[in-house]
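What follows is the content of upload20.cif (mmCIF, C-alpha atoms).
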```
data_run
loop_
_atom_site.label_atom_id
_atom_site.label_comp_id
_atom_site.auth_asym_id
_atom_site.auth_seq_id
_atom_site.Cartn_x
_atom_site.Cartn_y
_atom_site.Cartn_z
CA MET A 2 -24.91 -26.58 8.07
CA ASP A 3 -26.29 -23.71 6.02
CA ILE A 4 -23.35 -23.96 3.63
CA LEU A 5 -24.85 -27.17 2.21
CA ASP A 6 -28.21 -25.52 1.55
CA TYR A 7 -26.84 -23.89 -1.59
CA ALA A 8 -26.38 -25.91 -4.75
CA PHE A 9 -23.33 -23.90 -5.86
CA MET A 10 -21.56 -24.68 -2.57
CA GLN A 11 -22.37 -28.37 -2.89
CA ARG A 12 -20.75 -28.30 -6.31
CA ALA A 13 -17.80 -26.27 -5.02
CA LEU A 14 -17.15 -28.65 -2.11
CA LEU A 15 -17.30 -31.71 -4.38
CA ALA A 16 -14.87 -30.06 -6.77
CA ALA A 17 -12.62 -29.11 -3.83
CA VAL A 18 -12.45 -32.70 -2.59
CA LEU A 19 -11.55 -33.97 -6.06
CA VAL A 20 -8.88 -31.30 -6.43
CA GLY A 21 -7.49 -32.15 -3.00
CA VAL A 22 -7.08 -35.78 -4.05
CA THR A 23 -5.78 -35.37 -7.59
CA ALA A 24 -3.30 -32.50 -7.21
CA PRO A 25 -1.00 -34.16 -4.62
CA ALA A 26 -1.47 -37.56 -6.30
CA VAL A 27 0.21 -36.20 -9.42
CA GLY A 28 2.47 -33.78 -7.59
CA ILE A 29 4.35 -36.53 -5.78
CA TYR A 30 5.71 -37.79 -9.12
CA LEU A 31 6.59 -34.29 -10.29
CA VAL A 32 8.51 -33.66 -7.06
CA GLN A 33 10.40 -36.92 -7.49
CA ARG A 34 11.24 -35.92 -11.08
CA ARG A 35 12.37 -32.45 -9.92
CA GLN A 36 9.69 -30.84 -12.08
CA ALA A 37 7.87 -29.04 -9.32
CA LEU A 38 7.02 -26.05 -11.53
CA MET A 39 5.62 -28.11 -14.40
CA GLY A 40 2.06 -27.47 -13.19
CA ASP A 41 2.67 -23.74 -13.32
CA GLY A 42 3.83 -23.97 -16.94
CA ILE A 43 0.84 -26.09 -17.93
CA GLY A 44 -1.43 -23.57 -16.22
CA HIS A 45 -0.10 -20.85 -18.50
CA VAL A 46 -0.76 -22.98 -21.58
CA ALA A 47 -4.27 -23.87 -20.35
CA MET A 48 -5.19 -20.18 -20.51
CA THR A 49 -5.25 -20.49 -24.30
CA GLY A 50 -7.74 -23.35 -23.97
CA VAL A 51 -9.98 -21.26 -21.72
CA GLY A 52 -9.89 -18.41 -24.22
CA LEU A 53 -10.69 -20.77 -27.11
CA GLY A 54 -13.59 -22.17 -25.11
CA PHE A 55 -15.15 -18.73 -24.86
CA LEU A 56 -14.35 -17.90 -28.49
CA LEU A 57 -15.89 -21.13 -29.83
CA SER A 58 -18.75 -21.16 -27.29
CA THR A 59 -17.72 -24.56 -25.90
CA ASN A 60 -17.05 -25.72 -22.33
CA PRO A 61 -13.79 -24.01 -21.29
CA VAL A 62 -12.85 -26.94 -19.03
CA TRP A 63 -12.81 -29.45 -21.90
CA MET A 64 -11.09 -27.03 -24.27
CA ALA A 65 -8.47 -26.21 -21.61
CA THR A 66 -7.94 -29.94 -21.11
CA ALA A 67 -7.26 -30.50 -24.81
CA VAL A 68 -4.88 -27.54 -25.10
CA SER A 69 -3.03 -28.26 -21.84
CA VAL A 70 -2.54 -31.93 -22.82
CA LEU A 71 -1.08 -30.79 -26.13
CA GLY A 72 1.12 -28.32 -24.27
CA ALA A 73 2.30 -30.99 -21.82
CA VAL A 74 3.25 -33.30 -24.71
CA LEU A 75 5.19 -30.47 -26.34
CA MET A 76 6.97 -29.80 -23.04
CA GLU A 77 8.09 -33.44 -22.88
CA LEU A 78 9.26 -33.38 -26.51
CA ILE A 79 11.22 -30.20 -25.81
CA ARG A 80 12.75 -31.85 -22.75
CA TRP A 81 13.89 -34.79 -24.88
CA TYR A 82 15.11 -32.95 -27.96
CA GLY A 83 15.46 -29.30 -27.00
CA LYS A 84 18.92 -29.58 -25.43
CA THR A 85 20.52 -26.15 -25.01
CA ARG A 86 17.60 -24.25 -26.58
CA GLY A 87 14.96 -26.08 -24.57
CA ASP A 88 14.53 -23.38 -21.93
CA ILE A 89 13.87 -20.73 -24.61
CA ALA A 90 11.30 -22.94 -26.32
CA LEU A 91 9.55 -23.58 -23.00
CA ALA A 92 9.50 -19.86 -22.20
CA MET A 93 7.87 -19.10 -25.56
CA LEU A 94 5.33 -21.89 -24.96
CA PHE A 95 4.39 -20.55 -21.51
CA TYR A 96 4.18 -16.88 -22.45
CA GLY A 97 2.46 -17.71 -25.73
CA GLY A 98 -0.16 -19.64 -23.76
CA MET A 99 -0.87 -16.63 -21.55
CA ALA A 100 -1.01 -14.23 -24.50
CA GLY A 101 -3.24 -16.59 -26.48
CA GLY A 102 -5.71 -16.84 -23.61
CA VAL A 103 -6.00 -13.07 -23.26
CA MET A 104 -6.31 -12.58 -27.02
CA PHE A 105 -8.93 -15.26 -27.64
CA ILE A 106 -11.14 -14.26 -24.74
CA ASN A 107 -11.15 -10.65 -25.91
CA LEU A 108 -12.08 -11.76 -29.42
CA ALA A 109 -14.99 -13.81 -28.07
CA PRO A 110 -18.47 -12.19 -28.28
CA GLY A 111 -18.97 -10.26 -25.08
CA GLY A 112 -15.66 -11.51 -23.75
CA SER A 113 -13.24 -9.51 -21.60
CA ASN A 114 -10.30 -10.11 -19.30
CA ALA A 115 -12.76 -10.19 -16.41
CA ASN A 116 -13.96 -13.58 -17.68
CA LEU A 117 -10.49 -14.99 -17.07
CA THR A 118 -10.39 -14.03 -13.39
CA SER A 119 -12.37 -17.01 -12.11
CA TYR A 120 -10.09 -19.37 -14.06
CA LEU A 121 -6.88 -17.65 -12.98
CA PHE A 122 -7.63 -17.49 -9.25
CA GLY A 123 -10.60 -19.81 -8.72
CA SER A 124 -14.24 -19.03 -8.01
CA LEU A 125 -16.87 -20.87 -5.97
CA SER A 126 -20.03 -19.37 -7.43
CA THR A 127 -19.14 -20.11 -11.05
CA VAL A 128 -18.70 -23.90 -10.74
CA SER A 129 -21.53 -25.21 -12.91
CA GLU A 130 -23.04 -28.68 -13.20
CA SER A 131 -21.24 -29.25 -16.49
CA ASP A 132 -17.98 -28.23 -14.78
CA VAL A 133 -18.59 -30.77 -12.00
CA THR A 134 -19.28 -33.51 -14.56
CA ALA A 135 -16.05 -32.70 -16.39
CA ILE A 136 -14.07 -32.50 -13.14
CA CYS A 137 -15.42 -35.88 -11.95
CA LEU A 138 -14.50 -37.63 -15.21
CA LEU A 139 -11.04 -36.05 -15.36
CA ALA A 140 -10.38 -36.78 -11.68
CA ALA A 141 -11.29 -40.44 -12.19
CA PHE A 142 -8.69 -40.64 -14.97
CA VAL A 143 -6.03 -39.07 -12.73
CA VAL A 144 -6.75 -41.42 -9.82
CA LEU A 145 -6.70 -44.50 -12.07
CA VAL A 146 -3.31 -43.53 -13.53
CA THR A 147 -1.60 -42.42 -10.31
CA LEU A 148 -2.73 -45.46 -8.33
CA GLY A 149 -2.90 -48.12 -11.02
CA LEU A 150 0.59 -47.38 -12.38
CA ARG A 151 2.18 -46.16 -9.16
CA ARG A 152 5.04 -48.69 -9.23
CA GLN A 153 6.00 -47.92 -12.81
CA LEU A 154 5.64 -44.14 -12.42
CA PHE A 155 7.64 -44.17 -9.20
CA ALA A 156 10.44 -46.20 -10.79
CA VAL A 157 10.69 -43.82 -13.75
CA SER A 158 10.54 -40.76 -11.48
CA GLN A 159 13.40 -42.09 -9.34
CA ASP A 160 15.82 -43.27 -12.02
CA GLU A 161 15.00 -43.30 -15.72
CA GLU A 162 18.08 -45.29 -16.70
CA PHE A 163 17.37 -48.04 -14.16
CA ALA A 164 13.71 -48.13 -15.27
CA ARG A 165 14.77 -48.43 -18.90
CA VAL A 166 17.12 -51.33 -18.09
CA THR A 167 14.29 -53.16 -16.34
CA GLY A 168 12.21 -52.95 -19.53
CA LEU A 169 9.77 -50.18 -18.63
CA PRO A 170 8.53 -47.93 -21.48
CA VAL A 171 10.16 -44.81 -20.02
CA ARG A 172 9.13 -42.32 -22.69
CA ALA A 173 5.53 -43.52 -22.72
CA LEU A 174 5.37 -43.26 -18.92
CA ASN A 175 6.91 -39.79 -19.00
CA LEU A 176 4.31 -38.70 -21.53
CA LEU A 177 1.56 -40.21 -19.40
CA THR A 178 2.81 -38.33 -16.35
CA ALA A 179 2.81 -35.07 -18.32
CA VAL A 180 -0.70 -35.71 -19.65
CA THR A 181 -1.96 -36.58 -16.16
CA ALA A 182 -0.44 -33.36 -14.80
CA ALA A 183 -2.20 -31.41 -17.56
CA VAL A 184 -5.53 -33.03 -16.72
CA THR A 185 -4.99 -32.23 -13.04
CA VAL A 186 -4.42 -28.56 -13.83
CA THR A 187 -7.78 -28.33 -15.57
CA VAL A 188 -9.45 -30.24 -12.72
CA ALA A 189 -8.13 -27.69 -10.22
CA MET A 190 -8.53 -24.45 -12.14
CA ARG A 191 -12.17 -23.82 -11.11
CA VAL A 192 -11.31 -24.11 -7.40
CA VAL A 193 -7.69 -23.00 -7.01
CA GLY A 194 -7.06 -21.18 -10.28
CA LEU A 195 -4.52 -21.71 -13.04
CA LEU A 196 -1.92 -19.43 -11.47
CA LEU A 197 -1.99 -21.17 -8.08
CA VAL A 198 -2.60 -24.82 -8.93
CA SER A 199 1.10 -25.69 -8.93
CA ALA A 200 1.29 -24.91 -5.21
CA LEU A 201 -1.39 -27.48 -4.42
CA MET A 202 0.47 -30.09 -6.47
CA VAL A 203 3.81 -29.53 -4.72
CA VAL A 204 3.43 -28.09 -1.20
CA PRO A 205 1.29 -30.93 0.29
CA VAL A 206 3.92 -33.40 -0.94
CA ALA A 207 6.73 -31.33 0.59
CA ALA A 208 4.77 -31.15 3.85
CA ALA A 209 4.17 -34.91 3.88
CA GLN A 210 7.88 -35.54 3.34
CA GLN A 211 8.56 -33.86 6.66
CA LEU A 212 6.82 -36.77 8.39
CA SER A 213 7.62 -39.77 6.21
CA ARG A 214 10.29 -41.12 3.88
CA SER A 215 8.10 -43.95 2.61
CA PHE A 216 6.46 -43.34 -0.76
CA ALA A 217 3.14 -44.91 0.23
CA ALA A 218 2.92 -42.96 3.50
CA THR A 219 3.97 -39.71 1.81
CA PHE A 220 1.30 -40.27 -0.86
CA ALA A 221 -1.43 -40.84 1.74
CA ILE A 222 -0.41 -37.91 3.95
CA ALA A 223 -0.13 -35.55 0.97
CA VAL A 224 -3.63 -36.46 -0.22
CA ALA A 225 -5.00 -36.03 3.32
CA ILE A 226 -3.40 -32.58 3.52
CA GLY A 227 -4.73 -31.70 0.06
CA VAL A 228 -8.31 -32.65 0.92
CA SER A 229 -8.13 -30.87 4.29
CA VAL A 230 -6.85 -27.57 2.91
CA THR A 231 -9.19 -27.51 -0.11
CA ILE A 232 -12.25 -28.12 2.06
CA GLY A 233 -10.98 -25.70 4.71
CA GLY A 234 -10.20 -23.04 2.11
CA THR A 235 -13.57 -23.45 0.39
CA VAL A 236 -15.49 -23.15 3.67
CA THR A 237 -13.39 -20.16 4.77
CA SER A 238 -13.95 -18.49 1.42
CA TYR A 239 -17.71 -18.87 1.81
CA TYR A 240 -17.95 -17.48 5.33
CA GLN A 241 -15.26 -14.78 5.11
CA ASP A 242 -15.82 -13.75 1.46
CA VAL A 243 -12.16 -14.18 0.48
CA PRO A 244 -10.68 -15.66 -2.73
CA PRO A 245 -10.78 -19.48 -2.56
CA GLY A 246 -7.55 -20.12 -4.47
CA ALA A 247 -5.44 -17.79 -2.35
CA THR A 248 -7.03 -19.11 0.86
CA ILE A 249 -6.32 -22.73 -0.07
CA VAL A 250 -2.70 -22.02 -0.99
CA LEU A 251 -2.07 -20.05 2.23
CA LEU A 252 -3.57 -22.90 4.28
CA THR A 253 -1.32 -25.35 2.42
CA ILE A 254 1.78 -23.29 3.21
CA GLY A 255 0.62 -23.03 6.82
CA ALA A 256 0.34 -26.83 6.98
CA PHE A 257 3.87 -27.14 5.61
CA ILE A 258 5.26 -24.74 8.24
CA ALA A 259 3.38 -26.51 11.05
CA LEU A 260 4.53 -29.99 10.01
CA THR A 261 8.11 -28.78 9.57
CA ALA A 262 8.07 -27.30 13.08
CA LEU A 263 6.66 -30.59 14.41
CA ALA A 264 9.03 -32.85 12.49
CA THR A 265 12.29 -31.08 13.37
CA PRO A 266 12.37 -31.90 17.12
CA LEU A 267 11.10 -35.42 16.45
CA ALA A 268 13.93 -36.03 13.98
CA ARG A 269 16.48 -34.73 16.48
CA ARG A 270 15.06 -36.97 19.21
CA ARG A 271 15.27 -40.01 16.95
CA ALA A 272 18.83 -39.15 15.99
CA ARG A 273 19.85 -38.88 19.65
CA ALA A 274 18.13 -42.17 20.50
CA LEU A 275 19.85 -43.91 17.57
CA ALA A 276 23.25 -42.50 18.58
CA ALA A 277 22.73 -43.63 22.17
CA ALA A 278 21.71 -47.13 21.04
CA GLN A 279 24.78 -47.45 18.82
CA ALA A 280 27.04 -46.21 21.61
CA ALA A 281 25.61 -48.88 23.92
CA GLY A 282 26.25 -51.56 21.30
CA ASP A 283 22.58 -52.19 20.51
CA PRO A 284 21.60 -52.99 16.92
CA ALA A 285 20.46 -49.97 14.95
CA GLU A 286 16.75 -49.55 14.34
CA CYS A 287 15.38 -50.50 10.97
CA ALA A 288 15.14 -47.38 8.86
CA ILE A 289 14.61 -46.51 5.27
CA PRO A 290 18.03 -46.28 3.61
CA ALA A 291 19.07 -42.93 2.27
CA THR A 292 20.49 -44.31 -0.97
CA ARG A 293 18.45 -43.74 -4.06
CA GLY A 294 18.44 -47.24 -5.40
CA GLN A 295 17.12 -48.69 -2.13
CA GLU A 296 14.40 -46.08 -1.74
CA THR A 297 12.70 -47.31 -4.89
CA LYS A 298 11.96 -50.59 -3.16
CA VAL A 299 10.33 -49.10 -0.07
CA GLY A 300 6.69 -48.33 0.42
CA VAL A 301 5.47 -48.49 -3.16
#
```
Step by step, read the file and then write its structure as C-alpha cells.
Amino acid sequence: MDILDYAFMQRALLAAVLVGVTAPAVGIYLVQRRQALMGDGIGHVAMTGVGLGFLLSTNPVWMATAVSVLGAVLMELIRWYGKTRGDIALAMLFYGGMAGGVMFINLAPGGSNANLTSYLFGSLSTVSESDVTAICLLAAFVVLVTLGLRRQLFAVSQDEEFARVTGLPVRALNLLTAVTAAVTVTVAMRVVGLLLVSALMVVPVAAAQQLSRSFAATFAIAVAIGVSVTIGGTVTSYYQDVPPGATIVLLTIGAFIALTALATPLARRRARALAAAQAAGDPAECAIPATRGQETKVGV
C-alpha cells in the first residue's frame, strides 16, 4: 500500500489507532456518569495549553495535557462545591479556555489563528515524531487506568453512594476519571481535533450499547468501532483530501445509525420469542436485569 510509504502517514495511522482505543475506553465511563459532554469542555480548556505551548516554544501536546488536567480537576471541584452557581463557573472555564488559546497563540512569535486549525479539527501531515511519542505515553496511561481499575470506575459511575458504602475512594476515583478524560482529549487532538474529540468518546459507546447490555461487551465493541472509524477516516482523508477529524466523526455517526437499524429488528424478534415462550409456560431466557443495582454485577 502506497499510504505506508510515507513517514507522516505511518505516524498518523499509529496515532489514529491509539485514539480509537483510548477515546471509547474513557467515554464508556463518562456515558455511565451522564457526563457525555465533558470531553467537549476539556477540549475548550486544552486550547489554552496549545496556545501556551506556542508562546513558550514547548511541545503543545504536553502543555495542553498539563492545562487540560488542571481544567478537569477544576471541573470536578466545581461539580462538588459549585451547587447552584456551578454551571456559570463551568461556562466561564470553557469560554476562558477558548479565549486564552486564541490570545496566547497570537502573542507567540510568528503565531496566528491558522496555527490552531490543526489542533481544532485534526491534521495528518502535522503529526510529528515528538507528537507520536507523547501520544504513545499518554495512551498507555489511559489504557492502564481504564482496564486496571475498570471494576472500581464502573461501580462509581453507576452509583456513587453504593460505591462509597462499599469503601471505595469515590472522590479520588472521580478525579482520576476526569484526569484520564483530559489526557484522552490531548491524545486525540492531533487526529480528530479538540472540537470533535467528544464525539469519538461518546458515539462509539452509544453505538455499542445498541448491541449489548453487558459492560465488558460494550467496552470491547466500542473500542472496535473506535479503531475502525479512526483508521477508516485517516485512510479516507489521505486518498480523498478531506479533513480527518470531520471524516472520522461522520463515519462514527454512520456506524451508530447502521447498528441502530440492525439492532431494532433483532430486539423486536427477541421480545416476540420471549413473549411466546412465556405464553407457552417455558422458563424465561436468562437476560441481564434492567435494574441498576444488578447491572453493576454483570460483565465487569
Task: Residues in the PyMOL selection byres ((chain A and resi 129-139) around 7), expressed as a VMD selection string - done: chain A and resid 12 16 62 127 to 128 140 to 143 184 188
Which residues of stretch 141-224 of chain A have any atom within 10 Å of an atom in stretch 48-53 of chain A when counting all atoms listed in the file, and what is the closest pair of atoms for each, with the distance in Å to one decimal? Order the rows by chain and rising number and write it as a Markdown table.
```
| residue | atom | partner | partner_atom | distance |
| --- | --- | --- | --- | --- |
| A:Thr187 | CA | A:Val51 | CA | 9.6 |
| A:Met190 | CA | A:Met48 | CA | 10.0 |
| A:Leu195 | CA | A:Met48 | CA | 7.7 |
| A:Leu196 | CA | A:Met48 | CA | 9.6 |
```
Neighbouring residues of A:Ile258 were defined as those with any atom within 12 Å, considering only C-alpha atoms; residues of the same chain fewer than 4 positions away were excluded. Please report them as a PDB file with C-alpha atoms, in the coordinates of the input.
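Contents of result-v7.pdb, as written:
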```
ATOM      1  CA  VAL A 204       3.430 -28.090  -1.200  1.00  0.00           C
ATOM      2  CA  PRO A 205       1.290 -30.930   0.290  1.00  0.00           C
ATOM      3  CA  ALA A 207       6.730 -31.330   0.590  1.00  0.00           C
ATOM      4  CA  ALA A 208       4.770 -31.150   3.850  1.00  0.00           C
ATOM      5  CA  ALA A 209       4.170 -34.910   3.880  1.00  0.00           C
ATOM      6  CA  GLN A 211       8.560 -33.860   6.660  1.00  0.00           C
ATOM      7  CA  LEU A 251      -2.070 -20.050   2.230  1.00  0.00           C
ATOM      8  CA  LEU A 252      -3.570 -22.900   4.280  1.00  0.00           C
ATOM      9  CA  THR A 253      -1.320 -25.350   2.420  1.00  0.00           C
ATOM     10  CA  ILE A 254       1.780 -23.290   3.210  1.00  0.00           C
ATOM     11  CA  ALA A 262       8.070 -27.300  13.080  1.00  0.00           C
ATOM     12  CA  LEU A 263       6.660 -30.590  14.410  1.00  0.00           C
ATOM     13  CA  ALA A 264       9.030 -32.850  12.490  1.00  0.00           C
ATOM     14  CA  THR A 265      12.290 -31.080  13.370  1.00  0.00           C
TER      15      THR A 265
END
```
Task: Answer as a PyMOL selection string, residues within 8 Å of (-8.6, -23.5, 4.4) using only C-alpha atoms - done: chain A and resi 229-238+248-249+251-253
Set out as JSON lines a contact list for stretch 174-276 of chain A and stretch 22-32 of chain A with a cut-off of 10 Å, giving each residue of stretch 174-276 of chain A that qualifies its closest atom pair and distance in Å to one decimal, counting only C-alpha atoms, ordered by chain and rising residue number.
```
{"residue": "A:Thr178", "atom": "CA", "partner": "A:Val27", "partner_atom": "CA", "distance": 7.7}
{"residue": "A:Ala179", "atom": "CA", "partner": "A:Leu31", "partner_atom": "CA", "distance": 8.9}
{"residue": "A:Thr181", "atom": "CA", "partner": "A:Val27", "partner_atom": "CA", "distance": 7.1}
{"residue": "A:Ala182", "atom": "CA", "partner": "A:Val27", "partner_atom": "CA", "distance": 6.1}
{"residue": "A:Ala183", "atom": "CA", "partner": "A:Val27", "partner_atom": "CA", "distance": 9.7}
{"residue": "A:Val184", "atom": "CA", "partner": "A:Thr23", "partner_atom": "CA", "distance": 9.4}
{"residue": "A:Thr185", "atom": "CA", "partner": "A:Ala24", "partner_atom": "CA", "distance": 6.1}
{"residue": "A:Val186", "atom": "CA", "partner": "A:Ala24", "partner_atom": "CA", "distance": 7.8}
{"residue": "A:Val188", "atom": "CA", "partner": "A:Thr23", "partner_atom": "CA", "distance": 8.1}
{"residue": "A:Ala189", "atom": "CA", "partner": "A:Ala24", "partner_atom": "CA", "distance": 7.5}
{"residue": "A:Val198", "atom": "CA", "partner": "A:Ala24", "partner_atom": "CA", "distance": 7.9}
{"residue": "A:Ser199", "atom": "CA", "partner": "A:Ala24", "partner_atom": "CA", "distance": 8.3}
{"residue": "A:Ala200", "atom": "CA", "partner": "A:Ala24", "partner_atom": "CA", "distance": 9.1}
{"residue": "A:Leu201", "atom": "CA", "partner": "A:Ala24", "partner_atom": "CA", "distance": 6.1}
{"residue": "A:Met202", "atom": "CA", "partner": "A:Gly28", "partner_atom": "CA", "distance": 4.3}
{"residue": "A:Val203", "atom": "CA", "partner": "A:Gly28", "partner_atom": "CA", "distance": 5.3}
{"residue": "A:Val204", "atom": "CA", "partner": "A:Pro25", "partner_atom": "CA", "distance": 8.3}
{"residue": "A:Pro205", "atom": "CA", "partner": "A:Pro25", "partner_atom": "CA", "distance": 6.3}
{"residue": "A:Val206", "atom": "CA", "partner": "A:Ile29", "partner_atom": "CA", "distance": 5.8}
{"residue": "A:Ala207", "atom": "CA", "partner": "A:Val32", "partner_atom": "CA", "distance": 8.2}
{"residue": "A:Ala209", "atom": "CA", "partner": "A:Ile29", "partner_atom": "CA", "distance": 9.8}
{"residue": "A:Gln210", "atom": "CA", "partner": "A:Ile29", "partner_atom": "CA", "distance": 9.8}
{"residue": "A:Phe216", "atom": "CA", "partner": "A:Ile29", "partner_atom": "CA", "distance": 8.7}
{"residue": "A:Thr219", "atom": "CA", "partner": "A:Ile29", "partner_atom": "CA", "distance": 8.2}
{"residue": "A:Phe220", "atom": "CA", "partner": "A:Ala26", "partner_atom": "CA", "distance": 6.7}
{"residue": "A:Ala221", "atom": "CA", "partner": "A:Ala26", "partner_atom": "CA", "distance": 8.7}
{"residue": "A:Ile222", "atom": "CA", "partner": "A:Pro25", "partner_atom": "CA", "distance": 9.4}
{"residue": "A:Ala223", "atom": "CA", "partner": "A:Pro25", "partner_atom": "CA", "distance": 5.8}
{"residue": "A:Val224", "atom": "CA", "partner": "A:Val22", "partner_atom": "CA", "distance": 5.2}
{"residue": "A:Ala225", "atom": "CA", "partner": "A:Val22", "partner_atom": "CA", "distance": 7.7}
{"residue": "A:Ile226", "atom": "CA", "partner": "A:Pro25", "partner_atom": "CA", "distance": 8.6}
{"residue": "A:Gly227", "atom": "CA", "partner": "A:Val22", "partner_atom": "CA", "distance": 6.2}
{"residue": "A:Val228", "atom": "CA", "partner": "A:Val22", "partner_atom": "CA", "distance": 6.0}
{"residue": "A:Ser229", "atom": "CA", "partner": "A:Val22", "partner_atom": "CA", "distance": 9.7}
{"residue": "A:Thr231", "atom": "CA", "partner": "A:Val22", "partner_atom": "CA", "distance": 9.4}
```
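In terms of minimum interatomic distance to A:Ala67, A:Ile43 ranks closest within A:Ala17, A:Gly123, A:Gly111, A:Ile43, counting all atoms listed in the file.
Residues with any atom within 12 Å of A:Phe55, counting only C-alpha atoms and excluding same-chain neighbours fewer than 5 positions away, are Met48, Thr49, Gly50, Asn60, Pro61, Val62, Trp63, Met64, Ala65, Gly102, Val103, Met104, Phe105, Ile106, Asn107, Leu108, Ala109, Pro110, Gly111, Gly112, Ser113, Asn114, Asn116, Leu117 and Tyr120 of chain A.
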Residue subset to file, keeping C-alpha atoms, as a tab-separated table (two decimals), in the frame of the given file:
```tsv
chain	number	residue	atom	x	y	z
A	48	MET	CA	-5.19	-20.18	-20.51
A	49	THR	CA	-5.25	-20.49	-24.30
A	50	GLY	CA	-7.74	-23.35	-23.97
A	60	ASN	CA	-17.05	-25.72	-22.33
A	61	PRO	CA	-13.79	-24.01	-21.29
A	62	VAL	CA	-12.85	-26.94	-19.03
A	63	TRP	CA	-12.81	-29.45	-21.90
A	64	MET	CA	-11.09	-27.03	-24.27
A	65	ALA	CA	-8.47	-26.21	-21.61
A	102	GLY	CA	-5.71	-16.84	-23.61
A	103	VAL	CA	-6.00	-13.07	-23.26
A	104	MET	CA	-6.31	-12.58	-27.02
A	105	PHE	CA	-8.93	-15.26	-27.64
A	106	ILE	CA	-11.14	-14.26	-24.74
A	107	ASN	CA	-11.15	-10.65	-25.91
A	108	LEU	CA	-12.08	-11.76	-29.42
A	109	ALA	CA	-14.99	-13.81	-28.07
A	110	PRO	CA	-18.47	-12.19	-28.28
A	111	GLY	CA	-18.97	-10.26	-25.08
A	112	GLY	CA	-15.66	-11.51	-23.75
A	113	SER	CA	-13.24	-9.51	-21.60
A	114	ASN	CA	-10.30	-10.11	-19.30
A	116	ASN	CA	-13.96	-13.58	-17.68
A	117	LEU	CA	-10.49	-14.99	-17.07
A	120	TYR	CA	-10.09	-19.37	-14.06
```
Task: Counting only C-alpha atoms, the residue of A:Ala247, A:Leu57, A:Ala280, A:Val166 that sits nearest A:Ser124 - done: A:Ala247
- [ ] In Å, rounded to a single decimal, give me how far atom CA of A:Val180 is from atom CA of A:Leu154.
- [x]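 Between these atoms lies a distance of 12.8 Å.
Pairwise distance (atom CA of A:Pro244, atom CA of A:Gly72) equals 27.6 Å.
Pairwise distance (atom CA of A:Leu197, atom CA of A:Gln153) equals 28.3 Å.
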Task: Nearest to A:His45 by atom-to-atom distance, counting only C-alpha atoms, from A:Leu121, A:Leu14, A:Ile4, A:Leu145 - done: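 Closest to A:His45 of all the choices is A:Leu121.
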Task: Shortest interatomic distance to A:Leu267 - which of A:Ser119, A:Gln159, A:Leu71, A:Ser213, counting all atoms listed in the file - done: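 Closest to A:Leu267 of all the choices is A:Ser213.
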Test item: axis-aligned box, all listed atoms of stretch 114-131 of chain A, 5 Å on each side, centre and edges in Å rounded to one decimal, as lines of an AutoDock Vina configuration file:
```
center_x = -15.0
center_y = -19.7
center_z = -12.6
size_x = 26.2
size_y = 29.1
size_z = 23.3
```
Task: Among listed residues A:Val243, A:Gly255, A:Ser126, A:Met39, nearest A:Gln11 (using only C-alpha atoms) - done: A:Ser126
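Distance annotation: of A:Leu177, A:Ala278, A:Ala259, A:Leu19, the residue with the minimal separation from A:Ser158 is A:Leu177; atom set is only C-alpha atoms.
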Can you rebuild stretch 24-36 of chain A with N, CA and C atoms and give it as a PDB file, in the coordinates of the input?
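Saved as out35.pdb:
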```
ATOM      1  N   ALA A  24      -4.493 -33.340  -7.103  1.00  0.00           N
ATOM      2  CA  ALA A  24      -3.300 -32.500  -7.210  1.00  0.00           C
ATOM      3  C   ALA A  24      -2.086 -33.106  -6.506  1.00  0.00           C
ATOM      4  N   PRO A  25      -2.166 -33.517  -5.239  1.00  0.00           N
ATOM      5  CA  PRO A  25      -1.000 -34.160  -4.620  1.00  0.00           C
ATOM      6  C   PRO A  25      -0.671 -35.525  -5.226  1.00  0.00           C
ATOM      7  N   ALA A  26      -1.705 -36.232  -5.716  1.00  0.00           N
ATOM      8  CA  ALA A  26      -1.470 -37.560  -6.300  1.00  0.00           C
ATOM      9  C   ALA A  26      -0.555 -37.470  -7.514  1.00  0.00           C
ATOM     10  N   VAL A  27      -0.693 -36.413  -8.290  1.00  0.00           N
ATOM     11  CA  VAL A  27       0.210 -36.200  -9.420  1.00  0.00           C
ATOM     12  C   VAL A  27       1.480 -35.497  -8.971  1.00  0.00           C
ATOM     13  N   GLY A  28       1.326 -34.570  -8.042  1.00  0.00           N
ATOM     14  CA  GLY A  28       2.470 -33.780  -7.590  1.00  0.00           C
ATOM     15  C   GLY A  28       3.601 -34.595  -7.013  1.00  0.00           C
ATOM     16  N   ILE A  29       3.296 -35.724  -6.391  1.00  0.00           N
ATOM     17  CA  ILE A  29       4.350 -36.530  -5.780  1.00  0.00           C
ATOM     18  C   ILE A  29       5.326 -37.050  -6.846  1.00  0.00           C
ATOM     19  N   TYR A  30       4.817 -37.341  -8.044  1.00  0.00           N
ATOM     20  CA  TYR A  30       5.710 -37.790  -9.120  1.00  0.00           C
ATOM     21  C   TYR A  30       6.492 -36.626  -9.701  1.00  0.00           C
ATOM     22  N   LEU A  31       5.873 -35.458  -9.784  1.00  0.00           N
ATOM     23  CA  LEU A  31       6.590 -34.290 -10.290  1.00  0.00           C
ATOM     24  C   LEU A  31       7.714 -33.876  -9.340  1.00  0.00           C
ATOM     25  N   VAL A  32       7.466 -33.981  -8.045  1.00  0.00           N
ATOM     26  CA  VAL A  32       8.510 -33.660  -7.060  1.00  0.00           C
ATOM     27  C   VAL A  32       9.666 -34.642  -7.178  1.00  0.00           C
ATOM     28  N   GLN A  33       9.351 -35.923  -7.335  1.00  0.00           N
ATOM     29  CA  GLN A  33      10.400 -36.920  -7.490  1.00  0.00           C
ATOM     30  C   GLN A  33      11.216 -36.682  -8.761  1.00  0.00           C
ATOM     31  N   ARG A  34      10.562 -36.176  -9.799  1.00  0.00           N
ATOM     32  CA  ARG A  34      11.240 -35.920 -11.080  1.00  0.00           C
ATOM     33  C   ARG A  34      11.929 -34.559 -11.111  1.00  0.00           C
ATOM     34  N   ARG A  35      11.820 -33.814 -10.012  1.00  0.00           N
ATOM     35  CA  ARG A  35      12.370 -32.450  -9.920  1.00  0.00           C
ATOM     36  C   ARG A  35      11.754 -31.538 -10.983  1.00  0.00           C
ATOM     37  N   GLN A  36      10.450 -31.686 -11.160  1.00  0.00           N
ATOM     38  CA  GLN A  36       9.690 -30.840 -12.080  1.00  0.00           C
ATOM     39  C   GLN A  36       8.546 -30.170 -11.334  1.00  0.00           C
TER      40      GLN A  36
END
```
